[in-house]
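J.: Before I ask anything, let me first share the structure, which is written out below as structure tokens.
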Amino acid sequence: MATLLSIATALFAGLMMTRLFNRFKLPDVTAYLIAGILAGPFVLGRLGVPGLGFASSTDVEALSVFSDVALGFIAFSIGSEFNLTALRKTGRQATIIGIVQAVFTTIVVDLAMIGIHFLMPQTLSLPAAITLGAIASATAPAATLMVVRQYKAKGELTSLLLPIVALDDAVGLIVFAVSFGIAKALSSGRADLISILIDPLLEIVLSLLLGAAAGMVLKKLETMFHSNSNRLSMTITFIILTVGLSMLSFKIGPVTIGFSSLLVCMMLGTLFVNISPLAEDLMGRANRWSVPILVLFFVLSGAGFNLSVFSRGSIMLIGLVYVLTRCLGKYFGARLSSKAVNCNKEVIRYLGITLFPQAGVALGMCVTADQLPGDGQLIRNIILFTVLVYEIAGPLMTKWALTKSGDIKPKPAEILGRREQKLAEVKDKPLLKSRRERQLSSR
């Protein structure tokens with residue numbers, strides 16, 4: 001019962017917080033994250049009242065299945081942006097920008113972290129510095145997608161942004177796997193070619209194959225139903241199924257066979273949107289159905305933030321350098337590559353800013369980074385600190401960039417006037433009713 005009450009409290013807090021944040025024209029994502037922090041172990045959870053917030057990080061981690069499913073829906077939705085018809089115009093640009101900005105960011109952060117290592121060798125080891133540089137390449141698709149949906153952003157920047165974010169995570173996984181393999185080799189004193197090259201390449205190829213196979217089966221099964229409700233249920237079933245299958249991991253000799261749930265679900269969405277004539281309608285329905293899960297995902301993300309990282313000055317210092325250098329890497333990497341492929345001036349100017357948010361993928365990389373003896377906890381604390389900064393400030397900057405580029409358009413005065421009129425009518429109805437009742441009673 002306490003778990004259900006905690007979930008209900010989290011959802012209610014997140015939704016009510018948006019009412020407050022809307023007064024200041026802030027994105028809903030930021031409201032959900034702040035609500036999560038308030039419902040987490042460091043605020044309401046400290047009261048120890050069952051069902052009122054989360055008493056410990058263990059309570060938050062127990063609901064991680066919701067986060068996994070939410071990321072599956074996010075990846076599926078982003079995968080649908082890889083529509084071949086649309087990509088004929090932007091595919092080359094998105095591919096070049098996605099690869100260049102991710103690699104450029106890793107190089108910039110690597111240089112900064114290695115510099116800190118030489119200045120503070122007792123605080124930050126060389127393997128940890130290289131690992132942090134690799135994690136910097138990842139971008140948070142969830143926050144970006146939520147801002148695009150909330151404000152109905154549409155334009156050249158948005159059409160490039162979503163495929164780039166999807167590709168960014170695929171490139172980030174490769175960069176991280178190679179860099180982390182090097183970091184482990186430096187930490188242990190021996191090179192491991194299998195973990196550096198073979199395992200990550202297998203993970204990517206197998207994830208794409210699994211997603212493609214699931215997409216073909218889904219398309220075939222959809223034709224067996226004539227009801228949109230049943231087709232929607234089948235689509236949701238397959239998203240959850242692919243998330244579950246992507247959690248499988250096993251060894252064949254020295255080689256590890258594993259999958260990336262983000263890549264699997266992205267490929268599922270990509271294949272489905274390109275081969276199914278029903279895809280567009282079903283995608284829209286699935287997006288509406290997934291909204292409560294996404295709200296819960298962001299609230300749980302906020303509740304999972306470990307505020308104790310603020311107690312260590314060295315972590316905050318390294319974290320601030322990481323934040324600044326990663327932002328520089330994303331901004332200038334996107335700016336240089338978008339200019340090279342002849343994007344318009346709004347894309348060149350604002351694309352890099354929309355790539356600042358970082359969360360789930362980076363935290364997933366931290367789980368792998370725990371394998372570094374003595375450095376895993378330090379890396380996790382630094383990324384927790386930076387994710388808190390990015391996830392609160394990132395959506396605000398994404399909204400600002402999309403607005404300045406013209407992709408988020410202000411609502412016409414006529415629509416706002418109609419909305420205010422309807423609200424006024426709703427407020428006046430009880431008053432009108434009471435007047436009528438008094439008139440009738442006086443008769």
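We label chains A, B, ... in the order they appear in the structure tokens, count residues from 1 in each chain, and number ligands from 1 in the order shown.
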Please provide the set of residues having any atom within 10 Å of Thr235 of chain A, restricted to only C-alpha atoms, with same-chain residues fewer than 6 positions apart removed, written as a PyMOL selection string.

T.: chain A and resi 215+218-219+221-222+229+241+269+272+279+282-283+285-286

J.: Extract the full set of helix (DSSP H, G or I) residues from segment 152-317 of chain A according to DSSP on the backbone, and format it as number ranges by chain.

T.: A: 156-188, 193-222, 228-245, 261-275, 279-289, 291-303, 307-311, 313-317

J.: Give me the residues near Gly172 of chain A as a list in words, where near means some atom within 10 Å (using only C-alpha atoms) and where sequence neighbours in that chain fewer than 5 positions away do not count.

T.: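 These residues fall inside the cut-off: Gly98, Ile99, Ala102, Val103, Thr106, Ala134, Ile135, Ala136, Ser137, Ala138, Thr139, Leu167, Ala177, Val178, Val361, Ala362 and Met365 of chain A.
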
J.: Could you pull the residues within 9 Å of Gly394 of chain A, counting only C-alpha atoms, minus those fewer than 6 positions along the same chain, as a VMD selection string?

T.: chain A and resid 30 143 to 144 353 to 358

J.: Let me see the file: selected residues, C-alpha atoms, as a PDB file, in the first residue's frame.

T.:
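The resulting out01.pdb:
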```pdb
ATOM      1  CA  THR A  30      11.749  21.097 -14.523  1.00  0.00           C
ATOM      2  CA  ALA A 143      13.971  16.014 -21.447  1.00  0.00           C
ATOM      3  CA  THR A 144      14.394  17.154 -25.050  1.00  0.00           C
ATOM      4  CA  ILE A 353      22.194  24.565 -26.635  1.00  0.00           C
ATOM      5  CA  THR A 354      19.398  22.026 -27.123  1.00  0.00           C
ATOM      6  CA  LEU A 355      21.934  19.201 -26.594  1.00  0.00           C
ATOM      7  CA  PHE A 356      22.870  20.265 -23.040  1.00  0.00           C
ATOM      8  CA  PRO A 357      20.419  18.032 -21.033  1.00  0.00           C
ATOM      9  CA  GLN A 358      21.927  14.812 -19.668  1.00  0.00           C
TER      10      GLN A 358
END
```

J.: Would you please work out which residue, of A:Leu300, A:Leu202, A:Val321, A:Leu363, is nearest to Thr256 of chain A when using only C-alpha atoms?

T.: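 Closest to Thr256 of chain A, using only C-alpha atoms: A:Leu202.
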
J.: Can you tell me how far atom CA of Met216 of chain A sits from atom CA of Leu161 of chain A, in Å to one decimal?

T.: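 So the answer is 26.4 Å.
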